[in-house]
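> One structure, pasted below without further comment.
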Amino acid sequence: MKMNRRLLIIPALAAGLQAAAAGDLTGTVTLSGTAPENKVNQALADNPQCGPLHNGPVKLEFYKVGPNKELGDVVVIIKNISAKSTGESAAPVVLDQKGCEYVPYVTAAQTGQKIVIKTSDPVLHNVHIDPNPDGPNAGKAKNVAQAPGGADVTVSFAAPEDFLRIKCDVHPWMFSYVTVVDHPYFAVTGLDGKYKIANVPPGKYQVEAVHRKANAKAPLVKEIEVKADGATLDFTIEVPK
Amino acid sequence: MTRPINNNWLTRFAFATAIATLVLIGVGGLVTSKGVGMSVPDWPTTYGYNMFLFPISKWVGGIFWEHSHRLMASAVGLLTTILAIWLWVKEPRRWMRWLGVAAFFGVVLQGVLGGLRVVWLKDEIGIFHAALAQMFFVLLCAITLFSSRWWRNMLVMRKPQIDGAGLRGALLLTTALIFGQLLLGATMRHQHAGLSIPDFPLAYHKVWPALDANSIAAYNAQRVETAGENPITAFQIVLQLAHRFVALVIFCLVIFCARATRRNLGADHPLSKLSLAWVGLVLVQVALGAVTIWSNKAADVATAHVVTGALTLANGALLTIISFRVLIPARATVPAASEPTSSTFSPGKPAASSAK
């Protein structure tokens, strides 16, 4: 029995050592080419319930581009890593409905990870979970009401899927996208175009960067070797001409 | 039980039901154009309420349109039920009574399809829902026509004429093509991808746009879809191109039918007048199609396009039905061309006529 306990300790130690040796993969994603101008969300402004929730015009920000062309809302995923989802024990991803907008607009979650959709709005919404009807998460489609102050809607997905849409049909300009990944090694770029994937085990990897509008069907893939002290990998996504 | 041959009130009621159905098609069109079909997630209740007791204060955003559509549909269902009972009780012609029954089951099926589209979250059902709406509208228009005094007296006022120009076939073909065109349109609309081609009369500044994967990616990258529409595909672009091409064919066929009708039957013939109205409707419809694109699919314009499409289909269907009543196929007159026997919708008595 004592022997068995020792045998169990060995892989735990190995995992601990690996984590200790793991590095962060960081980088910046920039945009090349000309993206269409983000338009003012006139439907929101004109809506008698939602318009007053904002002080000024709100834009549909499909391309969040910084002053030096840093690109936000890019999902960066390590593709060929041998790791399993830790979604069931991970902290939930939270989507909020605020000012008749989904916040954040693009996010990512692991398979099995809870996605909690809450509302901070004083207006009635419906939460329409709208996975690819031909994809593996099709059975998770649902559409439920969410009154002001109503209970959170919680959902999780068993299979990976890119840019799974969650929307409100009462206010059809409200939509959000969640990319579902079957391991924890991914990140979404912020407004500064930067991302950080923490604790990546050393090794050579293929890393993909995908933006919903610019290259959803043709993700940009690069190779990188991550060492114990981490690695840096930048991407430049080109707007197709 | 007395079954009067003429019942003007029945005709008026059938007409009112048809008009209510056209309004319902318009409201349904607005629901799809605004992308709010799923804004009420439950059915047959509305946010847990009995549909008819849903508080007006909650009719906000897309709920207003979807809930109005449901209430309007309930009203049309009630009108259709009354019409079917009225026909069953008062209508002397057995086939007309069964048309009323068909209308009743049609409206029930349509309501169930609409509900299932909501609770099953299936876009495809929306296509059948839209197609059945058009067929149901045509059925009500036909019932109105058949119940009218004008229809009953038509052969008394005007003897059947020989269809030397093949007008019956041309009208039937054109009407069938219009229905096919409406199916194409419904398929485009219920894929919820917005405008797959944003310019007109060209397509992405070309006569035939590039459809390779890179080009499709570029089109999607430049689109600003304000209601979370799905990315467009090459298939959807081809679908819109087909819709444009079929529109051109329909336009030519309607002009041909109108000219042939006028030439063969004279300007004062009911078919000639109705054909002229058909030309007007098709012209309006083509213009609305163009404005739908130029306005980036503005909901009111796109809906007007749907409603005019329904009117164009109904006009074609009525033209075809009337033509089968007042025109006799040329082959039916052989060998005695001067003594035609009967038209398809004639009461069965031989009706002499002469070709014009």
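How things are named: the first chain in the structure tokens is A, the next is B, and so on; residues count from 1 in each chain; ligands count from 1 in the order shown.
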Hey, what does DSSP flag as strand (DSSP E or B) within range 50-89 of chain A? Can you give it to me as a list in words?

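The strand (DSSP E or B) residues within range 50-89 of chain A come out as Lys59, Val65, Glu70, Leu71, Val74, Val75, Val76, Ile77 and Ile78 of chain A.
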
> Pick out the residues sitting within 8 Å of range 306-315 of chain B, and hand them over as a PDB file with N, CA, C and O atoms, in the first residue's frame; count only C-alpha atoms, and ignore anything fewer than 6 positions along from it in its own chain.


```pdb
ATOM      1  N   LEU B  22     -52.779  39.374 -46.158  1.00  0.00           N
ATOM      2  CA  LEU B  22     -51.707  40.165 -46.775  1.00  0.00           C
ATOM      3  C   LEU B  22     -51.013  41.035 -45.719  1.00  0.00           C
ATOM      4  O   LEU B  22     -49.776  41.153 -45.709  1.00  0.00           O
ATOM      5  N   ILE B  25     -48.805  38.815 -43.752  1.00  0.00           N
ATOM      6  CA  ILE B  25     -47.560  38.537 -44.478  1.00  0.00           C
ATOM      7  C   ILE B  25     -46.595  39.717 -44.306  1.00  0.00           C
ATOM      8  O   ILE B  25     -45.392  39.541 -44.121  1.00  0.00           O
ATOM      9  N   GLY B  26     -47.163  40.925 -44.345  1.00  0.00           N
ATOM     10  CA  GLY B  26     -46.331  42.114 -44.152  1.00  0.00           C
ATOM     11  C   GLY B  26     -45.695  42.152 -42.766  1.00  0.00           C
ATOM     12  O   GLY B  26     -44.498  42.409 -42.620  1.00  0.00           O
ATOM     13  N   GLY B  29     -43.133  39.598 -42.590  1.00  0.00           N
ATOM     14  CA  GLY B  29     -41.963  40.059 -43.331  1.00  0.00           C
ATOM     15  C   GLY B  29     -41.122  41.009 -42.499  1.00  0.00           C
ATOM     16  O   GLY B  29     -39.882  40.948 -42.511  1.00  0.00           O
ATOM     17  N   GLN B 134     -47.599  32.336 -48.630  1.00  0.00           N
ATOM     18  CA  GLN B 134     -47.930  32.790 -49.990  1.00  0.00           C
ATOM     19  C   GLN B 134     -49.011  31.916 -50.605  1.00  0.00           C
ATOM     20  O   GLN B 134     -49.946  32.421 -51.247  1.00  0.00           O
ATOM     21  N   PHE B 137     -52.367  32.716 -49.025  1.00  0.00           N
ATOM     22  CA  PHE B 137     -52.907  33.985 -49.538  1.00  0.00           C
ATOM     23  C   PHE B 137     -53.556  33.765 -50.902  1.00  0.00           C
ATOM     24  O   PHE B 137     -54.655  34.270 -51.174  1.00  0.00           O
ATOM     25  N   VAL B 138     -52.887  33.000 -51.751  1.00  0.00           N
ATOM     26  CA  VAL B 138     -53.441  32.712 -53.076  1.00  0.00           C
ATOM     27  C   VAL B 138     -54.758  31.944 -52.933  1.00  0.00           C
ATOM     28  O   VAL B 138     -55.738  32.229 -53.642  1.00  0.00           O
ATOM     29  N   CYS B 141     -57.479  34.325 -52.029  1.00  0.00           N
ATOM     30  CA  CYS B 141     -57.837  35.142 -53.200  1.00  0.00           C
ATOM     31  C   CYS B 141     -58.711  34.321 -54.151  1.00  0.00           C
ATOM     32  O   CYS B 141     -59.685  34.831 -54.727  1.00  0.00           O
ATOM     33  N   THR B 175     -46.726  32.151 -63.584  1.00  0.00           N
ATOM     34  CA  THR B 175     -47.141  32.142 -62.172  1.00  0.00           C
ATOM     35  C   THR B 175     -46.321  31.128 -61.371  1.00  0.00           C
ATOM     36  O   THR B 175     -45.895  31.409 -60.238  1.00  0.00           O
ATOM     37  N   ILE B 178     -43.033  32.588 -60.705  1.00  0.00           N
ATOM     38  CA  ILE B 178     -43.092  33.588 -59.626  1.00  0.00           C
ATOM     39  C   ILE B 178     -43.075  32.894 -58.265  1.00  0.00           C
ATOM     40  O   ILE B 178     -42.391  33.333 -57.332  1.00  0.00           O
ATOM     41  N   PHE B 179     -43.802  31.767 -58.181  1.00  0.00           N
ATOM     42  CA  PHE B 179     -43.789  31.039 -56.911  1.00  0.00           C
ATOM     43  C   PHE B 179     -42.373  30.514 -56.612  1.00  0.00           C
ATOM     44  O   PHE B 179     -41.893  30.602 -55.476  1.00  0.00           O
ATOM     45  N   LEU B 182     -40.388  33.295 -55.312  1.00  0.00           N
ATOM     46  CA  LEU B 182     -40.690  33.579 -53.904  1.00  0.00           C
ATOM     47  C   LEU B 182     -39.986  32.577 -52.992  1.00  0.00           C
ATOM     48  O   LEU B 182     -39.522  32.928 -51.900  1.00  0.00           O
ATOM     49  N   LEU B 274     -56.237  42.687 -66.167  1.00  0.00           N
ATOM     50  CA  LEU B 274     -55.502  42.099 -65.044  1.00  0.00           C
ATOM     51  C   LEU B 274     -54.024  41.903 -65.404  1.00  0.00           C
ATOM     52  O   LEU B 274     -53.143  42.033 -64.547  1.00  0.00           O
ATOM     53  N   TRP B 278     -50.655  43.319 -63.668  1.00  0.00           N
ATOM     54  CA  TRP B 278     -49.529  42.415 -63.388  1.00  0.00           C
ATOM     55  C   TRP B 278     -48.206  43.087 -63.788  1.00  0.00           C
ATOM     56  O   TRP B 278     -47.221  43.023 -63.048  1.00  0.00           O
ATOM     57  N   LEU B 281     -47.345  45.620 -61.207  1.00  0.00           N
ATOM     58  CA  LEU B 281     -46.821  45.004 -59.977  1.00  0.00           C
ATOM     59  C   LEU B 281     -45.381  44.538 -60.153  1.00  0.00           C
ATOM     60  O   LEU B 281     -44.545  44.716 -59.265  1.00  0.00           O
ATOM     61  N   VAL B 282     -45.104  43.943 -61.315  1.00  0.00           N
ATOM     62  CA  VAL B 282     -43.740  43.442 -61.539  1.00  0.00           C
ATOM     63  C   VAL B 282     -42.745  44.602 -61.624  1.00  0.00           C
ATOM     64  O   VAL B 282     -41.625  44.514 -61.105  1.00  0.00           O
ATOM     65  N   VAL B 284     -43.052  47.502 -60.077  1.00  0.00           N
ATOM     66  CA  VAL B 284     -42.859  47.947 -58.690  1.00  0.00           C
ATOM     67  C   VAL B 284     -41.947  46.965 -57.949  1.00  0.00           C
ATOM     68  O   VAL B 284     -41.042  47.365 -57.195  1.00  0.00           O
ATOM     69  N   GLN B 285     -42.164  45.668 -58.205  1.00  0.00           N
ATOM     70  CA  GLN B 285     -41.401  44.646 -57.501  1.00  0.00           C
ATOM     71  C   GLN B 285     -39.906  44.717 -57.863  1.00  0.00           C
ATOM     72  O   GLN B 285     -39.038  44.579 -56.991  1.00  0.00           O
TER      73      GLN B 285
END
```

> Quick one: everything within 9 Å of Tyr105 in chain A, counting only C-alpha atoms, minus sequence neighbours fewer than 5 positions away in the same chain. Send it as number ranges by chain.

A: 61-62, 73, 95, 175-178

> Export all heavy atoms of the chosen residues as a PDB file, in the first residue's frame?


```
ATOM      1  N   GLU A  61     -18.207  47.687 -32.909  1.00  0.00           N
ATOM      2  CA  GLU A  61     -16.745  47.608 -33.046  1.00  0.00           C
ATOM      3  C   GLU A  61     -16.314  46.220 -33.504  1.00  0.00           C
ATOM      4  O   GLU A  61     -15.817  45.415 -32.721  1.00  0.00           O
ATOM      5  CB  GLU A  61     -16.086  47.997 -31.723  1.00  0.00           C
ATOM      6  CG  GLU A  61     -16.318  49.467 -31.407  1.00  0.00           C
ATOM      7  CD  GLU A  61     -15.481  49.955 -30.245  1.00  0.00           C
ATOM      8  OE1 GLU A  61     -15.163  49.158 -29.370  1.00  0.00           O
ATOM      9  OE2 GLU A  61     -15.160  51.148 -30.232  1.00  0.00           O
ATOM     10  N   PHE A  62     -16.518  45.969 -34.790  1.00  0.00           N
ATOM     11  CA  PHE A  62     -16.078  44.687 -35.341  1.00  0.00           C
ATOM     12  C   PHE A  62     -14.556  44.625 -35.404  1.00  0.00           C
ATOM     13  O   PHE A  62     -13.974  43.564 -35.287  1.00  0.00           O
ATOM     14  CB  PHE A  62     -16.661  44.478 -36.736  1.00  0.00           C
ATOM     15  CG  PHE A  62     -18.151  44.286 -36.731  1.00  0.00           C
ATOM     16  CD1 PHE A  62     -18.905  44.502 -37.864  1.00  0.00           C
ATOM     17  CD2 PHE A  62     -18.802  43.872 -35.583  1.00  0.00           C
ATOM     18  CE1 PHE A  62     -20.279  44.307 -37.857  1.00  0.00           C
ATOM     19  CE2 PHE A  62     -20.175  43.682 -35.558  1.00  0.00           C
ATOM     20  CZ  PHE A  62     -20.909  43.911 -36.706  1.00  0.00           C
ATOM     21  N   ASP A  73      -9.676  41.549 -29.716  1.00  0.00           N
ATOM     22  CA  ASP A  73     -10.648  40.478 -29.993  1.00  0.00           C
ATOM     23  C   ASP A  73     -10.107  39.399 -30.925  1.00  0.00           C
ATOM     24  O   ASP A  73     -10.865  38.781 -31.674  1.00  0.00           O
ATOM     25  CB  ASP A  73     -11.949  41.053 -30.577  1.00  0.00           C
ATOM     26  CG  ASP A  73     -12.789  41.747 -29.520  1.00  0.00           C
ATOM     27  OD1 ASP A  73     -12.553  41.501 -28.321  1.00  0.00           O
ATOM     28  OD2 ASP A  73     -13.671  42.545 -29.887  1.00  0.00           O
ATOM     29  N   LEU A  95     -20.374  36.587 -19.133  1.00  0.00           N
ATOM     30  CA  LEU A  95     -20.834  37.521 -20.176  1.00  0.00           C
ATOM     31  C   LEU A  95     -21.901  38.400 -19.545  1.00  0.00           C
ATOM     32  O   LEU A  95     -22.847  37.876 -18.955  1.00  0.00           O
ATOM     33  CB  LEU A  95     -21.472  36.757 -21.334  1.00  0.00           C
ATOM     34  CG  LEU A  95     -20.583  36.067 -22.360  1.00  0.00           C
ATOM     35  CD1 LEU A  95     -21.466  35.393 -23.406  1.00  0.00           C
ATOM     36  CD2 LEU A  95     -19.675  37.064 -23.030  1.00  0.00           C
ATOM     37  N   PHE A 175     -24.976  40.977 -29.828  1.00  0.00           N
ATOM     38  CA  PHE A 175     -24.471  39.626 -30.005  1.00  0.00           C
ATOM     39  C   PHE A 175     -23.040  39.547 -29.514  1.00  0.00           C
ATOM     40  O   PHE A 175     -22.324  40.538 -29.429  1.00  0.00           O
ATOM     41  CB  PHE A 175     -24.594  39.150 -31.455  1.00  0.00           C
ATOM     42  CG  PHE A 175     -24.199  40.151 -32.487  1.00  0.00           C
ATOM     43  CD1 PHE A 175     -22.912  40.196 -32.980  1.00  0.00           C
ATOM     44  CD2 PHE A 175     -25.128  41.061 -32.968  1.00  0.00           C
ATOM     45  CE1 PHE A 175     -22.548  41.126 -33.930  1.00  0.00           C
ATOM     46  CE2 PHE A 175     -24.769  42.007 -33.926  1.00  0.00           C
ATOM     47  CZ  PHE A 175     -23.469  42.023 -34.409  1.00  0.00           C
ATOM     48  N   SER A 176     -22.662  38.326 -29.169  1.00  0.00           N
ATOM     49  CA  SER A 176     -21.351  38.070 -28.600  1.00  0.00           C
ATOM     50  C   SER A 176     -20.883  36.715 -29.127  1.00  0.00           C
ATOM     51  O   SER A 176     -21.705  35.876 -29.498  1.00  0.00           O
ATOM     52  CB  SER A 176     -21.482  38.035 -27.075  1.00  0.00           C
ATOM     53  OG  SER A 176     -20.254  37.692 -26.482  1.00  0.00           O
ATOM     54  N   TYR A 177     -19.581  36.531 -29.170  1.00  0.00           N
ATOM     55  CA  TYR A 177     -19.044  35.278 -29.702  1.00  0.00           C
ATOM     56  C   TYR A 177     -18.096  34.638 -28.687  1.00  0.00           C
ATOM     57  O   TYR A 177     -17.245  35.319 -28.105  1.00  0.00           O
ATOM     58  CB  TYR A 177     -18.302  35.532 -31.012  1.00  0.00           C
ATOM     59  CG  TYR A 177     -19.220  36.003 -32.112  1.00  0.00           C
ATOM     60  CD1 TYR A 177     -19.507  37.361 -32.277  1.00  0.00           C
ATOM     61  CD2 TYR A 177     -19.842  35.098 -32.962  1.00  0.00           C
ATOM     62  CE1 TYR A 177     -20.379  37.796 -33.261  1.00  0.00           C
ATOM     63  CE2 TYR A 177     -20.702  35.520 -33.947  1.00  0.00           C
ATOM     64  CZ  TYR A 177     -20.968  36.862 -34.096  1.00  0.00           C
ATOM     65  OH  TYR A 177     -21.835  37.288 -35.064  1.00  0.00           O
ATOM     66  N   VAL A 178     -18.270  33.327 -28.514  1.00  0.00           N
ATOM     67  CA  VAL A 178     -17.405  32.572 -27.613  1.00  0.00           C
ATOM     68  C   VAL A 178     -16.717  31.481 -28.432  1.00  0.00           C
ATOM     69  O   VAL A 178     -17.390  30.678 -29.081  1.00  0.00           O
ATOM     70  CB  VAL A 178     -18.216  31.909 -26.481  1.00  0.00           C
ATOM     71  CG1 VAL A 178     -17.283  31.134 -25.542  1.00  0.00           C
ATOM     72  CG2 VAL A 178     -19.003  32.942 -25.704  1.00  0.00           C
TER      73      VAL A 178
END
```

> Quick one, how far is CA of Ile82 in chain B from CA of Asn8 in chain B?

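Between CA of Ile82 in chain B and CA of Asn8 in chain B the gap works out to 15.5 Å.
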
> Would you tabulate, counting only C-alpha atoms, all residues of chain A that have an atom at most 9 Å from an atom of chain B, showing the closest pair of atoms and their distance in Å to one decimal, sorted by chain then ascending number, as JSON lines?


```
{"residue": "A:Ala35", "atom": "CA", "partner": "B:Gln222", "partner_atom": "CA", "distance": 6.8}
{"residue": "A:Pro36", "atom": "CA", "partner": "B:Gln222", "partner_atom": "CA", "distance": 5.6}
{"residue": "A:Glu37", "atom": "CA", "partner": "B:Val224", "partner_atom": "CA", "distance": 8.6}
{"residue": "A:Asn38", "atom": "CA", "partner": "B:Val224", "partner_atom": "CA", "distance": 7.8}
{"residue": "A:Lys39", "atom": "CA", "partner": "B:Val224", "partner_atom": "CA", "distance": 7.8}
{"residue": "A:Asn41", "atom": "CA", "partner": "B:Thr226", "partner_atom": "CA", "distance": 7.6}
{"residue": "A:Ala43", "atom": "CA", "partner": "B:Thr226", "partner_atom": "CA", "distance": 8.6}
{"residue": "A:Asn47", "atom": "CA", "partner": "B:Gly61", "partner_atom": "CA", "distance": 7.2}
{"residue": "A:Pro48", "atom": "CA", "partner": "B:Gly61", "partner_atom": "CA", "distance": 8.6}
{"residue": "A:Gln49", "atom": "CA", "partner": "B:Val60", "partner_atom": "CA", "distance": 8.0}
{"residue": "A:Leu60", "atom": "CA", "partner": "B:Thr226", "partner_atom": "CA", "distance": 7.4}
{"residue": "A:Phe62", "atom": "CA", "partner": "B:Val224", "partner_atom": "CA", "distance": 7.7}
{"residue": "A:Leu124", "atom": "CA", "partner": "B:Lys58", "partner_atom": "CA", "distance": 8.2}
{"residue": "A:His125", "atom": "CA", "partner": "B:Ser39", "partner_atom": "CA", "distance": 8.2}
{"residue": "A:Asn126", "atom": "CA", "partner": "B:Ser39", "partner_atom": "CA", "distance": 6.4}
{"residue": "A:Val127", "atom": "CA", "partner": "B:Pro41", "partner_atom": "CA", "distance": 8.8}
{"residue": "A:His128", "atom": "CA", "partner": "B:Met38", "partner_atom": "CA", "distance": 7.9}
{"residue": "A:Asp130", "atom": "CA", "partner": "B:Leu121", "partner_atom": "CA", "distance": 8.7}
{"residue": "A:Pro133", "atom": "CA", "partner": "B:Lys122", "partner_atom": "CA", "distance": 8.4}
{"residue": "A:Ala141", "atom": "CA", "partner": "B:Leu121", "partner_atom": "CA", "distance": 7.4}
{"residue": "A:Lys142", "atom": "CA", "partner": "B:Leu121", "partner_atom": "CA", "distance": 7.4}
{"residue": "A:Asn143", "atom": "CA", "partner": "B:Pro41", "partner_atom": "CA", "distance": 5.5}
{"residue": "A:Val144", "atom": "CA", "partner": "B:Pro41", "partner_atom": "CA", "distance": 5.7}
{"residue": "A:Ala145", "atom": "CA", "partner": "B:Pro41", "partner_atom": "CA", "distance": 6.5}
{"residue": "A:Arg165", "atom": "CA", "partner": "B:Gly228", "partner_atom": "CA", "distance": 8.4}
{"residue": "A:Lys167", "atom": "CA", "partner": "B:Gly228", "partner_atom": "CA", "distance": 7.8}
{"residue": "A:Cys168", "atom": "CA", "partner": "B:Ser39", "partner_atom": "CA", "distance": 7.2}
{"residue": "A:Asp169", "atom": "CA", "partner": "B:Ser39", "partner_atom": "CA", "distance": 4.4}
{"residue": "A:Val170", "atom": "CA", "partner": "B:Gly62", "partner_atom": "CA", "distance": 4.3}
{"residue": "A:His171", "atom": "CA", "partner": "B:Gly61", "partner_atom": "CA", "distance": 6.0}
{"residue": "A:Pro172", "atom": "CA", "partner": "B:Ala227", "partner_atom": "CA", "distance": 5.0}
{"residue": "A:Trp173", "atom": "CA", "partner": "B:Ala227", "partner_atom": "CA", "distance": 4.4}
{"residue": "A:Met174", "atom": "CA", "partner": "B:Ala227", "partner_atom": "CA", "distance": 7.2}
{"residue": "A:Phe175", "atom": "CA", "partner": "B:Gly228", "partner_atom": "CA", "distance": 6.1}
{"residue": "A:Ser176", "atom": "CA", "partner": "B:Gly228", "partner_atom": "CA", "distance": 8.5}
{"residue": "A:Arg212", "atom": "CA", "partner": "B:Ala221", "partner_atom": "CA", "distance": 8.5}
{"residue": "A:Lys213", "atom": "CA", "partner": "B:Ala221", "partner_atom": "CA", "distance": 4.8}
{"residue": "A:Ala214", "atom": "CA", "partner": "B:Ala221", "partner_atom": "CA", "distance": 5.0}
{"residue": "A:Asn215", "atom": "CA", "partner": "B:Ala217", "partner_atom": "CA", "distance": 7.1}
{"residue": "A:Ala216", "atom": "CA", "partner": "B:Ala217", "partner_atom": "CA", "distance": 8.1}
{"residue": "A:Lys217", "atom": "CA", "partner": "B:Ala217", "partner_atom": "CA", "distance": 7.0}
{"residue": "A:Ala218", "atom": "CA", "partner": "B:Ala217", "partner_atom": "CA", "distance": 8.2}
{"residue": "A:Val239", "atom": "CA", "partner": "B:Ala221", "partner_atom": "CA", "distance": 6.7}
{"residue": "A:Pro240", "atom": "CA", "partner": "B:Ala218", "partner_atom": "CA", "distance": 4.6}
{"residue": "A:Lys241", "atom": "CA", "partner": "B:Ala218", "partner_atom": "CA", "distance": 5.3}
```

> Just want the 8 Å neighbourhood of range 163-168 of chain B, counted on only C-alpha atoms, with same-chain residues fewer than 2 positions away dropped. Output as a VMD selection string.

chain B and resid 161 170 to 172 257 260 to 261 264 320 323 to 324 327 to 330 355

> Output all heavy atoms for every residue in that selection, as a short mmCIF file (atom, residue, chain, number, x, y, z; two decimals), in the first residue's frame.


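File again-v7.cif, as written:
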```cif
data_model
loop_
_atom_site.label_atom_id
_atom_site.label_comp_id
_atom_site.auth_asym_id
_atom_site.auth_seq_id
_atom_site.Cartn_x
_atom_site.Cartn_y
_atom_site.Cartn_z
N GLN B 161 -63.43 31.97 -75.34
CA GLN B 161 -62.72 32.15 -76.61
C GLN B 161 -61.63 31.11 -76.75
O GLN B 161 -61.16 30.55 -75.75
CB GLN B 161 -62.11 33.56 -76.66
CG GLN B 161 -63.16 34.65 -76.75
CD GLN B 161 -62.54 36.05 -76.72
OE1 GLN B 161 -62.87 36.84 -75.87
NE2 GLN B 161 -61.64 36.30 -77.64
N ALA B 170 -48.90 29.94 -70.87
CA ALA B 170 -47.94 31.00 -70.56
C ALA B 170 -48.21 31.60 -69.19
O ALA B 170 -47.29 31.86 -68.40
CB ALA B 170 -47.99 32.08 -71.64
N LEU B 171 -49.49 31.83 -68.89
CA LEU B 171 -49.85 32.40 -67.58
C LEU B 171 -49.51 31.43 -66.45
O LEU B 171 -48.98 31.83 -65.40
CB LEU B 171 -51.34 32.75 -67.56
CG LEU B 171 -51.76 33.91 -68.47
CD1 LEU B 171 -53.28 33.97 -68.57
CD2 LEU B 171 -51.21 35.23 -67.93
N LEU B 172 -49.80 30.15 -66.69
CA LEU B 172 -49.51 29.14 -65.67
C LEU B 172 -48.01 29.04 -65.42
O LEU B 172 -47.55 29.02 -64.27
CB LEU B 172 -50.07 27.78 -66.11
CG LEU B 172 -49.86 26.62 -65.14
CD1 LEU B 172 -50.57 26.88 -63.82
CD2 LEU B 172 -50.38 25.31 -65.76
N CYS B 257 -46.96 38.07 -71.70
CA CYS B 257 -48.34 37.68 -71.41
C CYS B 257 -49.30 38.85 -71.60
O CYS B 257 -50.39 38.70 -72.16
CB CYS B 257 -48.46 37.15 -69.98
SG CYS B 257 -47.74 35.53 -69.73
N ALA B 260 -49.61 39.55 -75.36
CA ALA B 260 -50.35 38.49 -76.04
C ALA B 260 -51.83 38.52 -75.67
O ALA B 260 -52.71 38.32 -76.52
CB ALA B 260 -49.74 37.14 -75.68
N THR B 261 -52.10 38.81 -74.40
CA THR B 261 -53.49 38.87 -73.95
C THR B 261 -54.24 40.01 -74.64
O THR B 261 -55.34 39.84 -75.17
CB THR B 261 -53.53 39.08 -72.41
OG1 THR B 261 -52.73 38.07 -71.81
CG2 THR B 261 -54.93 38.95 -71.88
N ASN B 264 -54.71 39.23 -78.40
CA ASN B 264 -55.61 38.14 -78.75
C ASN B 264 -57.03 38.32 -78.24
O ASN B 264 -57.97 37.79 -78.81
CB ASN B 264 -55.06 36.81 -78.23
CG ASN B 264 -53.86 36.34 -79.03
OD1 ASN B 264 -54.01 35.77 -80.10
ND2 ASN B 264 -52.67 36.64 -78.54
N THR B 320 -54.41 33.08 -64.18
CA THR B 320 -54.38 31.70 -64.69
C THR B 320 -55.73 31.04 -64.51
O THR B 320 -56.26 30.39 -65.43
CB THR B 320 -53.28 30.90 -63.94
OG1 THR B 320 -52.04 31.60 -64.06
CG2 THR B 320 -53.14 29.51 -64.52
N SER B 323 -58.19 32.48 -66.89
CA SER B 323 -57.89 32.06 -68.27
C SER B 323 -58.40 30.63 -68.52
O SER B 323 -58.86 30.31 -69.60
CB SER B 323 -56.39 32.15 -68.55
OG SER B 323 -55.70 31.08 -67.94
N PHE B 324 -58.32 29.79 -67.50
CA PHE B 324 -58.80 28.42 -67.69
C PHE B 324 -60.34 28.38 -67.73
O PHE B 324 -60.92 27.38 -68.13
CB PHE B 324 -58.28 27.51 -66.56
CG PHE B 324 -56.91 26.96 -66.87
CD1 PHE B 324 -55.79 27.78 -66.84
CD2 PHE B 324 -56.74 25.63 -67.23
CE1 PHE B 324 -54.52 27.28 -67.15
CE2 PHE B 324 -55.47 25.12 -67.54
CZ PHE B 324 -54.36 25.95 -67.49
N LEU B 327 -60.96 30.73 -71.54
CA LEU B 327 -60.27 30.36 -72.78
C LEU B 327 -60.36 28.86 -72.98
O LEU B 327 -60.24 28.08 -72.03
CB LEU B 327 -58.80 30.80 -72.72
CG LEU B 327 -58.53 32.29 -72.58
CD1 LEU B 327 -57.03 32.55 -72.48
CD2 LEU B 327 -59.12 33.06 -73.75
N ILE B 328 -60.50 28.48 -74.21
CA ILE B 328 -60.59 27.06 -74.56
C ILE B 328 -59.32 26.69 -75.31
O ILE B 328 -58.93 27.39 -76.26
CB ILE B 328 -61.80 26.81 -75.47
CG1 ILE B 328 -63.07 27.27 -74.74
CG2 ILE B 328 -61.89 25.35 -75.87
CD1 ILE B 328 -64.20 27.54 -75.69
N PRO B 329 -58.64 25.62 -74.89
CA PRO B 329 -57.41 25.27 -75.61
C PRO B 329 -57.70 24.98 -77.07
O PRO B 329 -58.72 24.38 -77.39
CB PRO B 329 -56.91 24.02 -74.87
CG PRO B 329 -58.06 23.53 -74.08
CD PRO B 329 -58.95 24.70 -73.81
N ALA B 330 -56.79 25.42 -77.92
CA ALA B 330 -56.99 25.29 -79.36
C ALA B 330 -57.19 23.84 -79.75
O ALA B 330 -58.00 23.52 -80.62
CB ALA B 330 -55.79 25.89 -80.10
N ALA B 355 -62.58 32.42 -82.37
CA ALA B 355 -61.27 32.98 -82.07
C ALA B 355 -61.18 34.39 -82.60
O ALA B 355 -61.73 34.69 -83.65
CB ALA B 355 -60.19 32.13 -82.68
#
```

> Do you know which residues are at most 8 Å from Thr179 in chain A counting only C-alpha atoms, after dropping those on the same chain fewer than 6 positions away, and could you put them as a VMD selection string?

chain A and resid 75 106 to 109 160 to 164
